[in-house]
>>> print(open('target28.pdb').read())   # PDB, C-alpha atoms
ATOM      1  CA  MET A1299       8.250  14.232   2.637
ATOM      2  CA  TRP A1300       5.763  14.373  -0.271
ATOM      3  CA  ARG A1301       6.946  10.958  -1.437
ATOM      4  CA  SER A1302       6.194   9.434   1.980
ATOM      5  CA  LEU A1303       2.786  11.102   2.128
ATOM      6  CA  GLY A1304       1.973   9.837  -1.352
ATOM      7  CA  LEU A1305       2.946   6.278  -0.463
ATOM      8  CA  ALA A1306       0.946   6.354   2.757
ATOM      9  CA  LEU A1307      -2.091   7.640   0.866
ATOM     10  CA  ALA A1308      -1.688   4.958  -1.795
ATOM     11  CA  LEU A1309      -1.563   2.254   0.886
ATOM     12  CA  CYS A1310      -4.705   3.647   2.493
ATOM     13  CA  LEU A1311      -6.509   3.551  -0.839
ATOM     14  CA  LEU A1312      -5.590  -0.073  -1.508
ATOM     15  CA  PRO A1313      -8.513  -2.444  -0.755
ATOM     16  CA  TRP A1314      -7.515  -3.790   2.655
ATOM     17  CA  GLY A1315      -3.810  -3.392   2.006
ATOM     18  CA  GLY A1316      -3.699  -4.399  -1.642
ATOM     19  CA  THR A1317      -5.593  -7.656  -1.926
ATOM     20  CA  GLU A1318      -9.308  -7.803  -2.476
ATOM     21  CA  SER A1319      -9.530 -11.260  -0.910
ATOM     22  CA  GLN A1320      -8.749  -9.752   2.484
ATOM     23  CA  GLY A1321     -11.868  -8.714   4.349
ATOM     24  CA  GLN A1322     -12.372  -6.309   7.193
ATOM     25  CA  SER A1323     -12.705  -9.264   9.565
ATOM     26  CA  SER A1324      -8.973 -10.040   9.461
ATOM     27  CA  PHE A1325      -7.637  -6.486   9.458
ATOM     28  CA  CYS A1326      -6.069  -5.505  12.812
ATOM     29  CA  LYS A1327      -6.619  -9.013  14.160
ATOM     30  CA  GLN A1328      -4.202 -11.813  14.891
ATOM     31  CA  PRO A1329      -4.064 -14.556  12.255
ATOM     32  CA  PRO A1330      -5.329 -18.087  12.861
ATOM     33  CA  ALA A1331      -2.740 -20.154  14.730
ATOM     34  CA  TRP A1332      -0.471 -21.928  12.283
ATOM     35  CA  SER A1333       2.700 -23.970  12.484
ATOM     36  CA  ILE A1334       4.991 -25.955  10.232
ATOM     37  CA  GLY A1335       6.233 -29.118  11.854
ATOM     38  CA  ASP A1336       7.218 -28.154  15.387
ATOM     39  CA  GLN A1337       7.865 -24.519  14.413
ATOM     40  CA  SER A1338       5.444 -21.664  15.143
ATOM     41  CA  PRO A1339       6.979 -18.660  13.341
ATOM     42  CA  MET A1340       4.412 -16.134  14.566
ATOM     43  CA  LEU A1341       4.928 -17.141  18.201
ATOM     44  CA  ASN A1342       8.693 -17.080  17.758
ATOM     45  CA  SER A1343       8.556 -13.499  16.467
ATOM     46  CA  GLY A1344       6.286 -12.146  19.202
ATOM     47  CA  GLY A1345       7.147  -8.581  20.184
ATOM     48  CA  SER A1346       8.577  -7.616  16.803
ATOM     49  CA  VAL A1347       7.108  -6.421  13.522
ATOM     50  CA  THR A1348       6.674  -9.534  11.387
ATOM     51  CA  VAL A1349       6.691  -9.820   7.602
ATOM     52  CA  VAL A1350       5.271 -13.048   6.168
ATOM     53  CA  ALA A1351       5.937 -13.616   2.459
ATOM     54  CA  LEU A1352       4.108 -16.321   0.521
ATOM     55  CA  LEU A1353       6.639 -17.105  -2.178
ATOM     56  CA  GLN A1354       6.944 -19.782  -4.817
ATOM     57  CA  ILE A1355       9.426 -20.394  -7.598
ATOM     58  CA  PHE A1356       7.648 -20.947 -10.890
ATOM     59  CA  LEU A1357       9.525 -22.854 -13.577
ATOM     60  CA  PHE A1358      12.809 -21.891 -11.903
ATOM     61  CA  CYS A1359      12.356 -18.255 -12.888
ATOM     62  CA  ILE A1360      13.590 -15.700 -10.378
ATOM     63  CA  PHE A1361      11.967 -12.275 -10.429
ATOM     64  CA  PRO A1362      12.875  -9.067  -8.558
ATOM     65  CA  LYS A1363      10.308  -9.928  -5.875
ATOM     66  CA  TYR A1364      12.884 -12.282  -4.352
ATOM     67  CA  ARG A1365      15.121  -9.341  -3.357
ATOM     68  CA  LEU A1366      13.838  -9.614   0.170
ATOM     69  CA  GLU A1367      17.359  -9.672   1.576
ATOM     70  CA  ASP A1368      18.110  -6.327  -0.094
ATOM     71  CA  LEU A1369      15.060  -4.826   1.592
ATOM     72  CA  ARG A1370      16.023  -6.310   4.975
ATOM     73  CA  VAL A1371      19.524  -4.825   4.767
ATOM     74  CA  LYS A1372      18.210  -1.442   3.573
ATOM     75  CA  LEU A1373      15.766  -1.166   6.468
ATOM     76  CA  GLU A1374      18.420  -2.188   8.996
ATOM     77  CA  LYS A1375      20.754   0.512   7.717
ATOM     78  CA  GLU A1376      17.935   3.027   8.156
ATOM     79  CA  GLY A1377      17.490   1.955  11.785
ATOM     80  CA  TYR A1378      14.497  -0.364  11.448
ATOM     81  CA  LEU A1379      15.758  -3.152  13.690
ATOM     82  CA  ASN A1380      14.186  -6.220  15.276
ATOM     83  CA  ILE A1381      11.960  -7.072  12.292
ATOM     84  CA  SER A1382      11.143 -10.750  11.718
ATOM     85  CA  TYR A1383      10.968 -12.002   8.142
ATOM     86  CA  VAL A1384       9.293 -15.313   7.350
ATOM     87  CA  VAL A1385       8.899 -16.988   3.957
ATOM     88  CA  VAL A1386       6.360 -19.781   3.495
ATOM     89  CA  ASN A1387       6.711 -21.936   0.390
ATOM     90  CA  HIS A1388       3.684 -23.289  -1.468
ATOM     91  CA  GLN A1389       2.404 -26.665  -0.298
ATOM     92  CA  GLY A1390       2.226 -28.332  -3.730
ATOM     93  CA  LEU A1391       4.684 -31.036  -4.811
ATOM     94  CA  PRO A1392       6.333 -28.947  -7.581
ATOM     95  CA  SER A1393       7.076 -26.244  -4.980
ATOM     96  CA  GLN A1394       8.422 -28.803  -2.525
ATOM     97  CA  LEU A1395      10.858 -29.995  -5.184
ATOM     98  CA  LYS A1396      12.067 -26.409  -5.663
ATOM     99  CA  TYR A1397      12.300 -25.663  -1.929
ATOM    100  CA  MET A1398      16.112 -25.583  -1.759
ATOM    101  CA  HIS A1399      16.230 -23.407  -4.856
ATOM    102  CA  LEU A1400      13.865 -20.922  -3.198
ATOM    103  CA  LYS A1401      15.778 -21.056   0.090
ATOM    104  CA  ASN A1402      19.072 -20.339  -1.655
ATOM    105  CA  LYS A1403      17.592 -17.416  -3.564
ATOM    106  CA  VAL A1404      15.992 -15.704  -0.554
ATOM    107  CA  SER A1405      18.662 -15.254   2.137
ATOM    108  CA  GLU A1406      20.559 -17.168   4.768
ATOM    109  CA  HIS A1407      19.230 -14.623   7.274
ATOM    110  CA  ILE A1408      15.549 -15.229   6.455
ATOM    111  CA  PRO A1409      13.918 -18.567   7.345
ATOM    112  CA  VAL A1410      12.072 -20.317   4.527
ATOM    113  CA  TYR A1411       9.478 -22.844   5.680
ATOM    114  CA  GLN A1412       8.323 -25.823   3.657
ATOM    115  CA  GLN A1413       4.808 -26.972   4.438
ATOM    116  CA  GLU A1414       4.075 -30.627   4.957
ATOM    117  CA  GLU A1415       1.643 -32.331   2.620
ATOM    118  CA  ASN A1416      -0.713 -33.506   5.360
ATOM    119  CA  GLN A1417      -0.958 -30.219   7.241
ATOM    120  CA  THR A1418      -3.531 -27.448   6.866
ATOM    121  CA  ASP A1419      -2.377 -25.160   4.090
ATOM    122  CA  VAL A1420      -0.924 -21.991   5.628
ATOM    123  CA  TRP A1421      -1.638 -19.941   2.514
ATOM    124  CA  THR A1422      -5.321 -20.848   2.752
ATOM    125  CA  LEU A1423      -5.407 -20.105   6.494
ATOM    126  CA  LEU A1424      -3.985 -16.644   5.844
ATOM    127  CA  ASN A1425      -6.321 -16.088   2.900
ATOM    128  CA  GLY A1426      -3.227 -15.520   0.804
ATOM    129  CA  LYS A1427      -2.001 -16.095  -2.707
ATOM    130  CA  LYS A1428       1.336 -16.420  -4.471
ATOM    131  CA  ASP A1429       3.616 -13.429  -3.822
ATOM    132  CA  ASP A1430       1.435 -11.945  -1.064
ATOM    133  CA  PHE A1431       3.126 -10.060   1.780
ATOM    134  CA  LEU A1432       1.437  -9.873   5.174
ATOM    135  CA  VAL A1433       2.759  -7.326   7.663
ATOM    136  CA  TYR A1434       1.939  -7.669  11.381
ATOM    137  CA  ASP A1435       2.581  -5.252  14.240
ATOM    138  CA  ARG A1436       4.395  -6.114  17.470
ATOM    139  CA  CYS A1437       1.172  -7.493  18.949
ATOM    140  CA  GLY A1438       0.730  -9.862  16.001
ATOM    141  CA  ARG A1439      -2.146  -7.925  14.403
ATOM    142  CA  LEU A1440      -2.458  -7.689  10.631
ATOM    143  CA  VAL A1441      -1.594  -4.174   9.472
ATOM    144  CA  HIS A1442      -1.277  -4.729   5.721
ATOM    145  CA  HIS A1443      -1.891  -7.592   3.303
ATOM    146  CA  LEU A1444      -0.291  -6.744  -0.034
ATOM    147  CA  GLY A1445      -0.972  -8.729  -3.184
ATOM    148  CA  LEU A1446       0.227  -8.362  -6.748
ATOM    149  CA  PRO A1447       1.177  -6.026  -8.265
ATOM    150  CA  TYR A1448       1.762  -4.036  -5.048
ATOM    151  CA  SER A1449       3.896  -6.798  -3.517
ATOM    152  CA  PHE A1450       6.628  -6.555  -6.150
ATOM    153  CA  LEU A1451       9.685  -5.325  -4.279
ATOM    154  CA  THR A1452      10.598  -3.069  -7.189
ATOM    155  CA  PHE A1453       7.670  -0.947  -5.937
ATOM    156  CA  PRO A1454       7.880   0.827  -2.547
ATOM    157  CA  TYR A1455       4.604  -0.466  -1.074
ATOM    158  CA  VAL A1456       5.968  -3.387   0.970
ATOM    159  CA  GLU A1457       8.730  -1.217   2.421
ATOM    160  CA  GLU A1458       6.260   1.533   3.323
ATOM    161  CA  ALA A1459       3.854  -0.988   4.896
ATOM    162  CA  ILE A1460       6.664  -2.298   7.114
ATOM    163  CA  LYS A1461       7.599   1.236   8.185
ATOM    164  CA  ILE A1462       3.966   2.004   9.035
ATOM    165  CA  ALA A1463       3.702  -1.152  11.164
ATOM    166  CA  TYR A1464       7.012  -0.254  12.811
ATOM    167  CA  CYS A1465       6.342   3.404  13.640
ATOM    168  CA  GLU A1466       2.582   3.840  13.822
ATOM    169  CA  GLU A1467      -0.150   2.338  15.954
ATOM    170  CA  LYS A1468      -2.351   1.572  12.978
ATOM    171  CA  CYS A1469      -4.372  -0.981  14.946
ATOM    172  CA  GLY A1470      -4.473   0.949  18.203
ATOM    173  CA  ASN A1471      -2.311   0.753  21.289
ATOM    174  CA  CYS A1472       0.230  -2.063  21.531
ATOM    175  CA  SER A1473       1.956  -2.344  24.906
ATOM    176  CA  LEU A1474       4.877  -4.164  23.263
ATOM    177  CA  MET A1475       5.485  -1.152  21.026
ATOM    178  CA  VAL A1476       5.652   1.161  24.042
ATOM    179  CA  PHE A1477       8.028  -1.258  25.769
ATOM    180  CA  TYR A1478      10.255  -1.518  22.675
ATOM    181  CA  PHE A1479      10.664   2.240  22.241
ATOM    182  CA  SER A1480      11.149   2.776  25.972
ATOM    183  CA  GLN A1481      13.997   0.266  25.855
ATOM    184  CA  LEU A1482      15.517   2.094  22.884
ATOM    185  CA  PHE A1483      15.275   5.366  24.808
ATOM    186  CA  LEU A1484      16.943   3.855  27.871
ATOM    187  CA  LEU A1485      19.673   2.371  25.711
ATOM    188  CA  GLY A1486      20.237   5.769  24.106
ATOM    189  CA  GLU A1487      20.419   7.448  27.513
ATOM    190  CA  LYS A1488      22.917   4.847  28.739
ATOM    191  CA  ARG A1489      25.078   5.426  25.673
ATOM    192  CA  LYS A1490      24.964   9.185  26.252
ATOM    193  CA  SER A1491      25.967   8.729  29.911
ATOM    194  CA  PHE A1492      28.798   6.393  28.955
ATOM    195  CA  LYS A1493      30.013   8.817  26.296
ATOM    196  CA  SER A1494      29.922  11.679  28.806
ATOM    197  CA  TYR A1495      31.853   9.541  31.289
ATOM    198  CA  LEU A1496      34.537   8.784  28.682
ATOM    199  CA  ASN A1497      34.821  12.477  27.783
ATOM    200  CA  LYS A1498      35.415  13.325  31.452
ATOM    201  CA  LEU A1499      38.135  10.695  31.661
ATOM    202  CA  VAL A1500      39.839  12.186  28.626
ATOM    203  CA  LEU A1501      39.663  15.695  30.135
ATOM    204  CA  PHE A1502      41.256  14.491  33.350
TER     205      PHE A1502
END
>>> encode(input="target28.pdb", output="structure tokens")
Amino acid sequence: MWRSLGLALALCLLPWGGTESQGQSSFCKQPPAWSIGDQSPMLNSGGSVTVVALLQIFLFCIFPKYRLEDLRVKLEKEGYLNISYVVVNHQGLPSQLKYMHLKNKVSEHIPVYQQEENQTDVWTLLNGKKDDFLVYDRCGRLVHHLGLPYSFLTFPYVEEAIKIAYCEEKCGNCSLMVFYFSQLFLLGEKRKSFKSYLNKLVLF
């Protein structure tokens, strides 16, 4: 319990979620509309907590921050379901050449998007930098923007930020959050009823 309280307090003390470039104007607001080719990742993940990672392989070195798949699996095992993970590669040519290397190192379950040279830079639109993690609630509002060193996945800050976006209404009421948990409750009640029905069959 004390560990969770300490992490929550640390996140609160971070300047706008861990990156000084983030101002109050973007906190608890939806990001500027962005797309890559014909894909709009934020629209596609509407209704779920969304984690956007701005990752780039530098000189083909892989650091622990690319253990995003490990975090995804860990959270799923703990019951944090229906979370969308999105990785956006840097727009520069060197990063484009390493795109497949990055894609292979992330996860087959997490989409990695390569920006086109002639499009508006997504990193700039999101006011982000290399290795930033942006966490949005189910209504698409920015809950946390974590930059280095807080975004290293060897630290617990990204995980805690996701859990806060998942369980708390940090940015106020979100009707999609109410709908999601009501559906979980109904599903749980249906499972209980079905289990009770099976038990009766066994007794008879």
>>> closest_residue(input="target28.pdb", among="A:Gln1354, A:Gly1345, A:Pro1447, A:Asp1435", to="Ile1460 of chain A", atoms="all atoms listed in the file")
A:Asp1435
>>> closest_residue(input="target28.pdb", among="A:Leu1373, A:Leu1352, A:Ile1334, A:Ile1381", to="His1443 of chain A", atoms="all atoms listed in the file")
A:Leu1352
>>> resolve_selection(input="target28.pdb", expression="the PyMOL selection byres ((chain A and resi 1399-1406) around 10)", output="ChimeraX atom specification")
/A:1353-1356,1358,1360,1363-1368,1370,1385,1387,1393-1398,1407-1412
>>> atom_distance(input="target28.pdb", atom1="atom CA of Gly1470 of chain A", atom2="atom CA of Val1433 of chain A")
15.2 Å
>>> resolve_selection(input="target28.pdb", expression="the PyMOL selection byres ((chain A and resi 1330) around 8)", output="JSON, numbers by chain")
{"A": [1328, 1329, 1331, 1332, 1423, 1424]}
>>> resolve_selection(input="target28.pdb", expression="the PyMOL selection byres ((chain A and resi 1340) around 10)", output="VMD selection string")
chain A and resid 1328 to 1329 1331 to 1333 1337 to 1339 1341 to 1346 1348 to 1350 1382 1384 1434 1438
>>> atom_distance(input="target28.pdb", atom1="atom CA of Gln1413 of chain A", atom2="atom CA of Gln1389 of chain A")
5.3 Å
>>> atom_distance(input="target28.pdb", atom1="atom CA of His1388 of chain A", atom2="atom CA of Leu1444 of chain A")
17.1 Å
>>> closest_residue(input="target28.pdb", among="A:Gly1390, A:Gly1445, A:Gly1377, A:Pro1454", to="Asp1419 of chain A", atoms="all atoms listed in the file")
A:Gly1390
>>> build_atoms(input="target28.pdb", residues="segment 1417-1434 of chain A", atoms="N, CA and C atoms", output="compact mmCIF listing (two decimals), in the coordinates of the input")
# COMPACT_ATOMS: atom_id res chain seq x y z
N GLN A 1417 -0.55 -31.27 6.31
CA GLN A 1417 -0.96 -30.22 7.24
C GLN A 1417 -1.96 -29.27 6.58
N THR A 1418 -2.63 -28.47 7.40
CA THR A 1418 -3.53 -27.45 6.87
C THR A 1418 -2.70 -26.41 6.12
N ASP A 1419 -3.13 -26.09 4.92
CA ASP A 1419 -2.38 -25.16 4.09
C ASP A 1419 -2.33 -23.77 4.73
N VAL A 1420 -1.11 -23.30 4.99
CA VAL A 1420 -0.92 -21.99 5.63
C VAL A 1420 -1.43 -20.86 4.73
N TRP A 1421 -1.18 -20.97 3.43
CA TRP A 1421 -1.64 -19.94 2.51
C TRP A 1421 -3.16 -19.77 2.59
N THR A 1422 -3.86 -20.89 2.66
CA THR A 1422 -5.32 -20.85 2.75
C THR A 1422 -5.76 -20.24 4.08
N LEU A 1423 -5.08 -20.64 5.17
CA LEU A 1423 -5.41 -20.10 6.49
C LEU A 1423 -5.27 -18.58 6.53
N LEU A 1424 -4.26 -18.08 5.84
CA LEU A 1424 -3.98 -16.64 5.84
C LEU A 1424 -4.74 -15.91 4.74
N ASN A 1425 -5.56 -16.67 4.00
CA ASN A 1425 -6.32 -16.09 2.90
C ASN A 1425 -5.38 -15.42 1.90
N GLY A 1426 -4.26 -16.10 1.64
CA GLY A 1426 -3.23 -15.52 0.80
C GLY A 1426 -3.05 -16.23 -0.52
N LYS A 1427 -2.31 -15.56 -1.39
CA LYS A 1427 -2.00 -16.10 -2.71
C LYS A 1427 -0.50 -15.95 -2.97
N LYS A 1428 -0.06 -16.50 -4.08
CA LYS A 1428 1.34 -16.42 -4.47
C LYS A 1428 1.80 -14.96 -4.50
N ASP A 1429 2.94 -14.73 -3.87
CA ASP A 1429 3.62 -13.43 -3.82
C ASP A 1429 2.93 -12.41 -2.92
N ASP A 1430 2.03 -12.85 -2.05
CA ASP A 1430 1.44 -11.94 -1.06
C ASP A 1430 2.43 -11.65 0.06
N PHE A 1431 2.35 -10.44 0.60
CA PHE A 1431 3.13 -10.06 1.78
C PHE A 1431 2.15 -9.63 2.86
N LEU A 1432 2.27 -10.24 4.04
CA LEU A 1432 1.44 -9.87 5.17
C LEU A 1432 2.33 -9.25 6.24
N VAL A 1433 1.95 -8.06 6.70
CA VAL A 1433 2.76 -7.33 7.66
C VAL A 1433 1.97 -7.20 8.97
N TYR A 1434 2.58 -7.67 10.06
CA TYR A 1434 1.94 -7.67 11.38
C TYR A 1434 2.69 -6.73 12.33
